[in-house]
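Participant: This is the structure, below, for whatever I ask next.
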Number of protein chains: 2
Amino acid sequence: MLVQRFASIVGSAGIVADADVARGYRADWRGLFEGEALCVLRPGTVEQVSQILKLCHAERIGVVPQGGNTNLTVGAVPDRTGQQIVLSTSRLRRIRDVDAVDMTIVAEAGVTIAELQAAAIDVDTLFPLSFAAEGSATLGGAISTNAGGTAAVRYGSTRDLLLGLEVVLPDGRVWNGLRRLHKDNAGYALRHLFAGAEGTLGVITAAAMKLAPLPRAREVAFCALPSEDAVGDFWMLLRAAGEGAVRAAEYISGTSLDLVVYELGLRAPVHASPHYVLVELTSARAEAGLRDRLEGFLAEALEQGLATDAVIAQNEQQAASFWRLREDQTEAQKRAGLNFKHDVAVPVSKVGELLVKCRAALEARFPDVLVAPFGHLGDGNIHMNIIRPPMPGRDTLPDLEAHIGAIVYEIAAALGGTFSAEHGIGTIKVKQLETTRSAVELDMMRVIKDAFDGQCIMNPGKVLSIVEVLPI
Amino acid sequence: MLVQRFASIVGSAGIVADADVARGYRADWRGLFEGEALCVLRPGTVEQVSQILKLCHAERIGVVPQGGNTNLTVGAVPDRTGQQIVLSTSRLRRIRDVDAVDMTIVAEAGVTIAELQAAAIDVDTLFPLSFAAEGSATLGGAISTNAGGTAAVRYGSTRDLLLGLEVVLPDGRVWNGLRRLHKDNAGYALRHLFAGAEGTLGVITAAAMKLAPLPRAREVAFCALPSEDAVGDFWMLLRAAGEGAVRAAEYISGTSLDLVVYELGLRAPVHASPHYVLVELTSARAEAGLRDRLEGFLAEALEQGLATDAVIAQNEQQAASFWRLREDQTEAQKRAGLNFKHDVAVPVSKVGELLVKCRAALEARFPDVLVAPFGHLGDGNIHMNIIRPPMPGRDTLPDLEAHIGAIVYEIAAALGGTFSAEHGIGTIKVKQLETTRSAVELDMMRVIKDAFDGQCIMNPGKVLSIVEVLPI
């Protein structure tokens with residue numbers, strides 16, 4: 001029997017026997033989908049991953065790689081057939097090397113982002129990735145989805161930190177590409193193919209990542225902005241004034257702030273306003289003069305009418321309270337009703353226009369909804385979230401989500417934007433990818449998928465639907 | 001006749017009729033190789049590129065894309081069969097868009113790096129790429145080879161600046177992937193596949209690139225270092241002190257400096273020493289206090305014995321004279337005799353060891369040669385160049401190059417390094433790629449090549465030799 005063959009590869013510690021526990025691997029974190037699985041495997045070594053894939057390859061069994069299962073697009077759980085296995089990397093937990101001179105860390109796929117942050121701090125460096133799910137999300141998952149987060153404006157997304165990879169290919173062969181070099185122009189950039197591929201080309205088992213200097217100074221400010229028009233200019237001024245020091249520039253709409261205040265009892269540190277931006281500057285040099293620079297920037301922003309109010313955190317506790325207003329958005333929105341989330345990005349110059357147009361179009365069409373965007377201003381990446389307060393008897397409107405999505409995505413696309421900035425495609429955006437991107441772009445993705453995984457056993461149906469591929 | 005069919009696509013302005021002129025497209029810049037060509041085409045539009053590739057695809061004609069023909073690995077010239085065409089992008093010269101708010105530039109493949117720098121300055125921004133051949137090298141070539149250069153330590157290599165691409169595929173179809181977004185996680189990162197592919201997967205016709213804030217302040221210092229041991233620590237100290245401001249950290253060996261002094265009559269600004277580093281700090285903020293930071297760093301480096309002498313340029317002219325000591329290396333080495341160039345990179349902590357071991361091994365084995373390395377210290381990228389002074393009657397030693405190369409590359413590999421840091425593979429490193437990288441890595445490259453270009457008409461024999469490909 002197949003399950004026994006898998007069990008003989010991973011041993012009893014490597015197979016999830018308890019049905020309740022297994023459910024946590026079959027259902028996605030947002031509760032949007034629960035699949036079935038032939039079994040849930042937790043291999044303890046790269047060699048075991050290789051053997052699992054060899055068996056899957058021979059028997060044509062679908063493999064769903066999973067890290068911390070914090071994916072937001074139903075990209076890491078199996079389908080409903082019960083014929084796929086879940087391959088959790090959660091036991092690949094070794095940090096193989098940390099080098100403070102080269103500023104690199106080599107770690108296995110199942111190490112969490114928070115653990116990487118801690119390991120970096122131990123040698124006086126920074127692991128730059130930072131996002132809400134960092135306590136559970138793993139390195140392998142972050143690379144597979146090219147995770148972004150609040151520090152991407154400074155350090156880039158996961159891809160930008162990636163130096164080398166170790167990957168088990170669909171046929172079970174292991175590619176050791178764990179180079180730690182800042183320059184290596186020797187053939188195709190294979191690591192960039194696996195980054196963002198969401199487990200559809202192979203299983204990432206380890207990676208070599210860049211570290212950064214550990215910040216020794218930090219300043220956080222919470223700013224109120226008068227209008228959408230001010231948002232872009234505020235960012236430009238901050239970008240110039242904060243050169244090299246801007247670690248975060250997080251946008252929060254007035255509606256979004258009202259929600260955390262109302263739902264979670266938090267307090268706004270500035271006067272009520274239609275828009276807010278949380279600014280964080282950091283520097284590895286304690287004497288970098290960040291406070292002066294931040295004060296100078298805010299004075300100029302107020303003077304130019306780009307901000308109407310601003311408060312600089314006077315201590316760590318106050319800084320943390322500012323950050324909660326941003327970080328608790330997801331929780332507050334969840335409590336406020338039905339959520340419709342849209343992870344869009346536009347060129348940063350178009351963020352103001354995106355905000356104006358989405359609000360106008362959505363409020364005109366759906367008078368019942370709250371338009372509550374927030375996101376990463378410096379990246380042009382706005383989470384255009386829409387909330388429908390609970391309305392007994394009316395929550396089943398079947399195509400509300402599609403209607404709202406069509407409006408948001410059409411506006412973003414017209415501004416040169418994308419429908420998936422940092423969350424990826426998973427299963428929930430496959431149709432959108434396949435209907436909005438050009439035939440030639442899709443063909444290229446399909447021939448790559450086919451070249452690496454001709455049997456389509458790797459995370460089938462994620463990113464791309466399953467189709468027969470013709471050569472270019 | 002085939003040539004007439006090509007001529008009818010591009011018109012008389014698009015075909016190089018003069019044999020002497022055509023030679024400039026058939027021979028590589030270093031004079032290592034001269035090929036033959038069916039014809040040399042200079043299409044004036046993307047549509048013409050598409051038609052050329054359609055014809056080549058139908059007739060199975062090899063296409064050699066060429067930008068400024070400044071490639072260093074014989075990667076942009078045709079073979080000796082006379083059956084391939086050269087497709088020069090030199091008439092695709094339109095800058096389609098420059099946006100100072102979004103800090104992006106969209107330009108066609110034939111625009112030179114110097115022209116992009118000028119266009120960026122026109123809107124008060126910086127196009128960050130900078131390297132010796134920038135006056136001739138084109139955007140398409142820089143992306144295709146993932147060019148590095150002296151500012152990569154600050155801004156990354158070409159790949160790191162790349163936001164979107166327009167590519168004509170081997171069958172003539174045009175992919176418009178000219179997005180200008182900082183985040184776009186919607187399927188495989190196709191742009192990263194063409195970057196560094198050296199024209200073997202398609203012809204890049206345009207790209208969207210990041211710009212950076214224009215520097216308003218600059219400080220340049222020339223430093224003497226006492227030993228290989230000091231090199232790594234010098235860099236670490238500079239990286240910390242210069243946080244966010246280090247624009248260049250260029251290593252020059254004592255031998256290399258002696259050569260520019262002797263061959264070109266330049267003057268060393270510091271005492272004679274076995275090692276030198278040229279440091280440049282820049283900032284977009286005129287008030288960034290760079291001079292103080294540089295002085296503080298140099299005082300500390302002298303104090304710690306990591307430097308024995310250092311001079312800060314007092315004006316632009318002096319800064320330029322420091323830079324000539326680095327930029328004229330290639331010319332001086334050319335004059336000094338037979339050159340054996342090795343574009344290696346190691347983790348930055350290993351640079352000192354690389355220098356020690358290469359010099360010891362090479363001088364022991366070849367008492368006649370000069371070991372004259374220079375390069376990009378912050379990237380761990382050292383051009384380990386060896387010079388054999390002219391020796392009448394002995395210059396034909398057939399396997400000297402192979403012997404020297406074997407020593408250098410073995411030492412670099414043992415230190416976790418690469419044999420091609422920023423110059424790519426072209427034709428001259430194909431064998432090395434195929435003998436040193438793992439079978440699984442090569443298989444992945446071959447299935448990609450095969451998936452995109454099954455007929456192998458795109459720059460045949462570059463990066464990978466021509467072999468039959470089996471599916472993974």
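Going through the structure tokens in order, the chains are called A, B, and so on, while each chain numbers its residues from 1 and the ligands are numbered from 1 in the order shown.
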What are the residues of chain B that have an atom within 7 Å of an atom of chain A, counting only C-alpha atoms, as a ChimeraX atom specification?
Facilitator: /B:101-102,175,180-189,192-193,196-197,236,244,345-349,379,418,420-425,433,440-441,445,447-448,451-452,463,471-472
Participant: According to DSSP computed on the backbone, where in stretch 201-284 of chain B is there strand (DSSP E or B)? Give the residues as a short mmCIF file (atom, residue, chain, number, x, y, z; two decimals) with N, CA and C atoms, in the first residue's frame.
Facilitator:
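Writing done, so here's part-v8.cif:
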data_model
loop_
_atom_site.label_atom_id
_atom_site.label_comp_id
_atom_site.auth_asym_id
_atom_site.auth_seq_id
_atom_site.Cartn_x
_atom_site.Cartn_y
_atom_site.Cartn_z
N VAL B 203 15.38 37.46 -28.04
CA VAL B 203 16.05 38.75 -28.23
C VAL B 203 15.35 39.81 -27.39
N ILE B 204 16.06 40.37 -26.43
CA ILE B 204 15.52 41.46 -25.62
C ILE B 204 15.45 42.70 -26.50
N THR B 205 14.24 43.30 -26.59
CA THR B 205 14.11 44.51 -27.41
C THR B 205 13.89 45.77 -26.59
N ALA B 206 13.43 45.62 -25.34
CA ALA B 206 13.25 46.79 -24.48
C ALA B 206 13.16 46.32 -23.03
N ALA B 207 13.38 47.26 -22.11
CA ALA B 207 13.33 46.89 -20.69
C ALA B 207 12.88 48.08 -19.85
N ALA B 208 12.25 47.75 -18.74
CA ALA B 208 11.91 48.75 -17.72
C ALA B 208 12.88 48.56 -16.56
N MET B 209 13.59 49.63 -16.22
CA MET B 209 14.66 49.55 -15.21
C MET B 209 14.39 50.53 -14.08
N LYS B 210 14.92 50.19 -12.90
CA LYS B 210 14.86 51.09 -11.76
C LYS B 210 15.86 52.24 -11.93
N ALA B 212 17.64 55.52 -9.46
CA ALA B 212 17.96 55.78 -8.05
C ALA B 212 18.07 57.28 -7.85
N PRO B 213 18.05 57.73 -6.61
CA PRO B 213 18.22 59.17 -6.37
C PRO B 213 19.59 59.64 -6.88
N ALA B 217 26.32 64.50 -3.22
CA ALA B 217 27.59 64.62 -2.49
C ALA B 217 28.42 63.38 -2.81
N ARG B 218 29.72 63.59 -2.89
CA ARG B 218 30.60 62.48 -3.23
C ARG B 218 31.95 62.68 -2.58
N GLU B 219 32.52 61.61 -2.06
CA GLU B 219 33.87 61.65 -1.51
C GLU B 219 34.62 60.42 -2.03
N VAL B 220 35.86 60.64 -2.44
CA VAL B 220 36.67 59.55 -2.98
C VAL B 220 38.00 59.50 -2.24
N ALA B 221 38.39 58.31 -1.84
CA ALA B 221 39.69 58.15 -1.16
C ALA B 221 40.48 57.02 -1.80
N PHE B 222 41.78 57.15 -1.77
CA PHE B 222 42.67 56.10 -2.26
C PHE B 222 43.49 55.62 -1.07
N CYS B 223 43.44 54.32 -0.82
CA CYS B 223 44.00 53.78 0.42
C CYS B 223 45.03 52.71 0.13
N ALA B 224 46.09 52.69 0.94
CA ALA B 224 47.12 51.65 0.85
C ALA B 224 46.90 50.66 1.99
N LEU B 225 46.92 49.37 1.65
CA LEU B 225 46.69 48.33 2.66
C LEU B 225 47.96 47.48 2.80
N VAL B 246 28.30 53.62 0.55
CA VAL B 246 29.42 53.07 -0.21
C VAL B 246 28.98 52.82 -1.65
N ARG B 247 29.56 53.55 -2.56
CA ARG B 247 29.19 53.43 -3.98
C ARG B 247 30.22 52.61 -4.73
N ALA B 248 31.43 52.52 -4.19
CA ALA B 248 32.46 51.68 -4.80
C ALA B 248 33.51 51.34 -3.76
N ALA B 249 34.04 50.13 -3.87
CA ALA B 249 35.17 49.69 -3.05
C ALA B 249 36.00 48.81 -3.97
N GLU B 250 36.90 49.44 -4.71
CA GLU B 250 37.63 48.76 -5.78
C GLU B 250 39.02 48.38 -5.34
N TYR B 251 39.32 47.13 -5.47
CA TYR B 251 40.63 46.60 -5.10
C TYR B 251 41.61 46.73 -6.27
N ILE B 252 42.84 47.13 -5.96
CA ILE B 252 43.91 47.18 -6.95
C ILE B 252 45.16 46.60 -6.29
N SER B 253 45.74 45.58 -6.88
CA SER B 253 46.97 45.01 -6.31
C SER B 253 48.15 45.94 -6.57
N HIS B 275 48.84 46.43 -1.65
CA HIS B 275 47.40 46.43 -1.95
C HIS B 275 46.84 47.84 -1.82
N TYR B 276 45.85 48.11 -2.65
CA TYR B 276 45.18 49.41 -2.58
C TYR B 276 43.67 49.20 -2.69
N VAL B 277 42.92 50.13 -2.10
CA VAL B 277 41.47 50.12 -2.31
C VAL B 277 41.02 51.55 -2.60
N LEU B 278 40.27 51.70 -3.67
CA LEU B 278 39.66 52.99 -3.99
C LEU B 278 38.26 52.97 -3.39
N VAL B 279 37.97 53.95 -2.57
CA VAL B 279 36.68 54.02 -1.88
C VAL B 279 35.90 55.22 -2.40
N GLU B 280 34.64 55.02 -2.73
CA GLU B 280 33.79 56.16 -3.08
C GLU B 280 32.51 56.11 -2.26
N LEU B 281 32.22 57.20 -1.59
CA LEU B 281 30.94 57.35 -0.89
C LEU B 281 30.11 58.38 -1.64
N THR B 282 28.80 58.13 -1.77
CA THR B 282 27.92 59.13 -2.36
C THR B 282 26.63 59.21 -1.56
N SER B 283 25.96 60.34 -1.69
CA SER B 283 24.65 60.49 -1.07
C SER B 283 23.82 61.48 -1.86
#
Participant: Env of B:Ile457: 6 Å cut, atoms = only C-alpha atoms, seq-sep filter 4 positions within chain, self excluded. Answer as an MDAnalysis selection string.
Facilitator: chainID B and resid 61:63
Participant: Put those residues in a file: all heavy atoms, as a PDB file, in the first residue's frame.
Facilitator:
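New file selection-v7.pdb:
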ATOM      1  N   ILE B  61      17.687  29.093 -39.131  1.00  0.00           N
ATOM      2  CA  ILE B  61      18.927  29.868 -39.251  1.00  0.00           C
ATOM      3  C   ILE B  61      19.341  30.384 -37.870  1.00  0.00           C
ATOM      4  O   ILE B  61      18.523  30.943 -37.136  1.00  0.00           O
ATOM      5  CB  ILE B  61      18.716  31.053 -40.215  1.00  0.00           C
ATOM      6  CG1 ILE B  61      18.389  30.514 -41.600  1.00  0.00           C
ATOM      7  CG2 ILE B  61      19.950  31.960 -40.257  1.00  0.00           C
ATOM      8  CD1 ILE B  61      17.856  31.560 -42.524  1.00  0.00           C
ATOM      9  N   GLY B  62      20.582  30.209 -37.521  1.00  0.00           N
ATOM     10  CA  GLY B  62      21.087  30.674 -36.234  1.00  0.00           C
ATOM     11  C   GLY B  62      21.112  32.198 -36.150  1.00  0.00           C
ATOM     12  O   GLY B  62      21.479  32.878 -37.109  1.00  0.00           O
ATOM     13  N   VAL B  63      20.709  32.731 -34.985  1.00  0.00           N
ATOM     14  CA  VAL B  63      20.630  34.177 -34.771  1.00  0.00           C
ATOM     15  C   VAL B  63      21.571  34.553 -33.637  1.00  0.00           C
ATOM     16  O   VAL B  63      21.461  34.019 -32.535  1.00  0.00           O
ATOM     17  CB  VAL B  63      19.199  34.584 -34.350  1.00  0.00           C
ATOM     18  CG1 VAL B  63      19.121  36.093 -34.158  1.00  0.00           C
ATOM     19  CG2 VAL B  63      18.178  34.094 -35.354  1.00  0.00           C
TER      20      VAL B  63
END
Participant: Step one, run DSSP on the backbone; step two, keep only residues of stretch 161-287 of chain B assigned to alpha helix (DSSP H); then write them as a ChimeraX atom specification.
Facilitator: /B:161,190-194,228-241,254-264
Participant: Tell me which of A:Asp122, A:Ala22, A:Gln51, A:Ala320 sits closest to A:Ser8, counting only C-alpha atoms.
Facilitator: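 Nearest to A:Ser8: A:Gln51.
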Participant: Find the residues near stretch 124-139 of chain A: any atom within 6 Å, counting only C-alpha atoms, skip ones fewer than 2 places away on the same chain, and give them as an MDAnalysis selection string.
Facilitator: chainID A and resid 67:68 70 109:114 117 120:122 141:142 149 211:214
Participant: Output N, CA, C and O atoms for every residue in that selection, as a JSON list (two decimals), in the first residue's frame.
Facilitator:
[["chain", "number", "residue", "atom", "x", "y", "z"],
["A", 67, "GLY", "N", 4.98, 24.89, 3.91],
["A", 67, "GLY", "CA", 5.87, 25.42, 4.95],
["A", 67, "GLY", "C", 5.07, 25.63, 6.22],
["A", 67, "GLY", "O", 4.61, 24.69, 6.84],
["A", 68, "GLY", "N", 4.86, 26.89, 6.57],
["A", 68, "GLY", "CA", 4.11, 27.20, 7.79],
["A", 68, "GLY", "C", 2.61, 27.23, 7.59],
["A", 68, "GLY", "O", 1.87, 27.53, 8.52],
["A", 70, "THR", "N", 0.83, 29.40, 6.05],
["A", 70, "THR", "CA", 0.26, 30.74, 6.25],
["A", 70, "THR", "C", -0.07, 31.40, 4.91],
["A", 70, "THR", "O", -0.33, 32.60, 4.86],
["A", 109, "ALA", "N", 14.57, 24.63, 4.81],
["A", 109, "ALA", "CA", 13.29, 25.23, 4.41],
["A", 109, "ALA", "C", 12.31, 25.43, 5.56],
["A", 109, "ALA", "O", 11.51, 26.36, 5.55],
["A", 110, "GLY", "N", 12.37, 24.56, 6.58],
["A", 110, "GLY", "CA", 11.36, 24.62, 7.63],
["A", 110, "GLY", "C", 11.67, 25.58, 8.77],
["A", 110, "GLY", "O", 10.87, 25.72, 9.69],
["A", 111, "VAL", "N", 12.80, 26.25, 8.71],
["A", 111, "VAL", "CA", 13.12, 27.25, 9.74],
["A", 111, "VAL", "C", 12.17, 28.44, 9.57],
["A", 111, "VAL", "O", 11.95, 28.89, 8.44],
["A", 112, "THR", "N", 11.62, 28.92, 10.66],
["A", 112, "THR", "CA", 10.67, 30.04, 10.52],
["A", 112, "THR", "C", 11.42, 31.36, 10.33],
["A", 112, "THR", "O", 12.60, 31.49, 10.69],
["A", 113, "ILE", "N", 10.70, 32.32, 9.80],
["A", 113, "ILE", "CA", 11.28, 33.65, 9.59],
["A", 113, "ILE", "C", 11.72, 34.24, 10.92],
["A", 113, "ILE", "O", 12.80, 34.85, 11.02],
["A", 114, "ALA", "N", 10.91, 34.06, 11.96],
["A", 114, "ALA", "CA", 11.28, 34.59, 13.28],
["A", 114, "ALA", "C", 12.56, 33.93, 13.80],
["A", 114, "ALA", "O", 13.40, 34.59, 14.42],
["A", 117, "GLN", "N", 15.42, 35.50, 12.04],
["A", 117, "GLN", "CA", 15.68, 36.82, 12.62],
["A", 117, "GLN", "C", 16.51, 36.69, 13.89],
["A", 117, "GLN", "O", 17.48, 37.42, 14.10],
["A", 120, "ALA", "N", 20.13, 35.62, 13.22],
["A", 120, "ALA", "CA", 20.91, 36.73, 12.69],
["A", 120, "ALA", "C", 21.32, 37.68, 13.82],
["A", 120, "ALA", "O", 22.48, 38.13, 13.88],
["A", 121, "ILE", "N", 20.39, 37.97, 14.69],
["A", 121, "ILE", "CA", 20.69, 38.88, 15.81],
["A", 121, "ILE", "C", 21.81, 38.31, 16.68],
["A", 121, "ILE", "O", 22.66, 39.05, 17.17],
["A", 122, "ASP", "N", 21.84, 36.99, 16.82],
["A", 122, "ASP", "CA", 22.89, 36.35, 17.62],
["A", 122, "ASP", "C", 24.29, 36.70, 17.13],
["A", 122, "ASP", "O", 25.25, 36.65, 17.92],
["A", 141, "GLY", "N", 8.70, 28.51, 2.37],
["A", 141, "GLY", "CA", 7.45, 29.11, 1.92],
["A", 141, "GLY", "C", 7.65, 30.55, 1.47],
["A", 141, "GLY", "O", 7.08, 30.99, 0.47],
["A", 142, "ALA", "N", 8.46, 31.28, 2.21],
["A", 142, "ALA", "CA", 8.70, 32.69, 1.85],
["A", 142, "ALA", "C", 9.38, 32.79, 0.49],
["A", 142, "ALA", "O", 9.03, 33.66, -0.32],
["A", 149, "GLY", "N", 6.25, 42.01, 2.55],
["A", 149, "GLY", "CA", 6.23, 42.45, 3.94],
["A", 149, "GLY", "C", 6.58, 43.91, 4.10],
["A", 149, "GLY", "O", 6.74, 44.66, 3.13],
["A", 211, "LEU", "N", 22.16, 38.62, 4.66],
["A", 211, "LEU", "CA", 21.83, 39.34, 5.89],
["A", 211, "LEU", "C", 22.15, 40.82, 5.68],
["A", 211, "LEU", "O", 22.73, 41.19, 4.66],
["A", 212, "ALA", "N", 21.78, 41.64, 6.64],
["A", 212, "ALA", "CA", 22.04, 43.08, 6.54],
["A", 212, "ALA", "C", 22.61, 43.55, 7.88],
["A", 212, "ALA", "O", 22.52, 42.84, 8.88],
["A", 213, "PRO", "N", 23.19, 44.73, 7.87],
["A", 213, "PRO", "CA", 23.69, 45.26, 9.16],
["A", 213, "PRO", "C", 22.54, 45.42, 10.16],
["A", 213, "PRO", "O", 21.43, 45.80, 9.78],
["A", 214, "LEU", "N", 22.81, 45.11, 11.40],
["A", 214, "LEU", "CA", 21.78, 45.23, 12.44],
["A", 214, "LEU", "C", 21.54, 46.70, 12.79],
["A", 214, "LEU", "O", 22.49, 47.41, 13.12]]
Participant: Within 12 Å of B:Val49, counting only C-alpha atoms, which residues qualify if same-chain residues fewer than 3 places away don't, as a VMD selection string?
Facilitator: chain B and resid 6 9 to 10 14 41 to 46 52 to 56 63 65 86 to 92 109 166 to 174 202 to 206
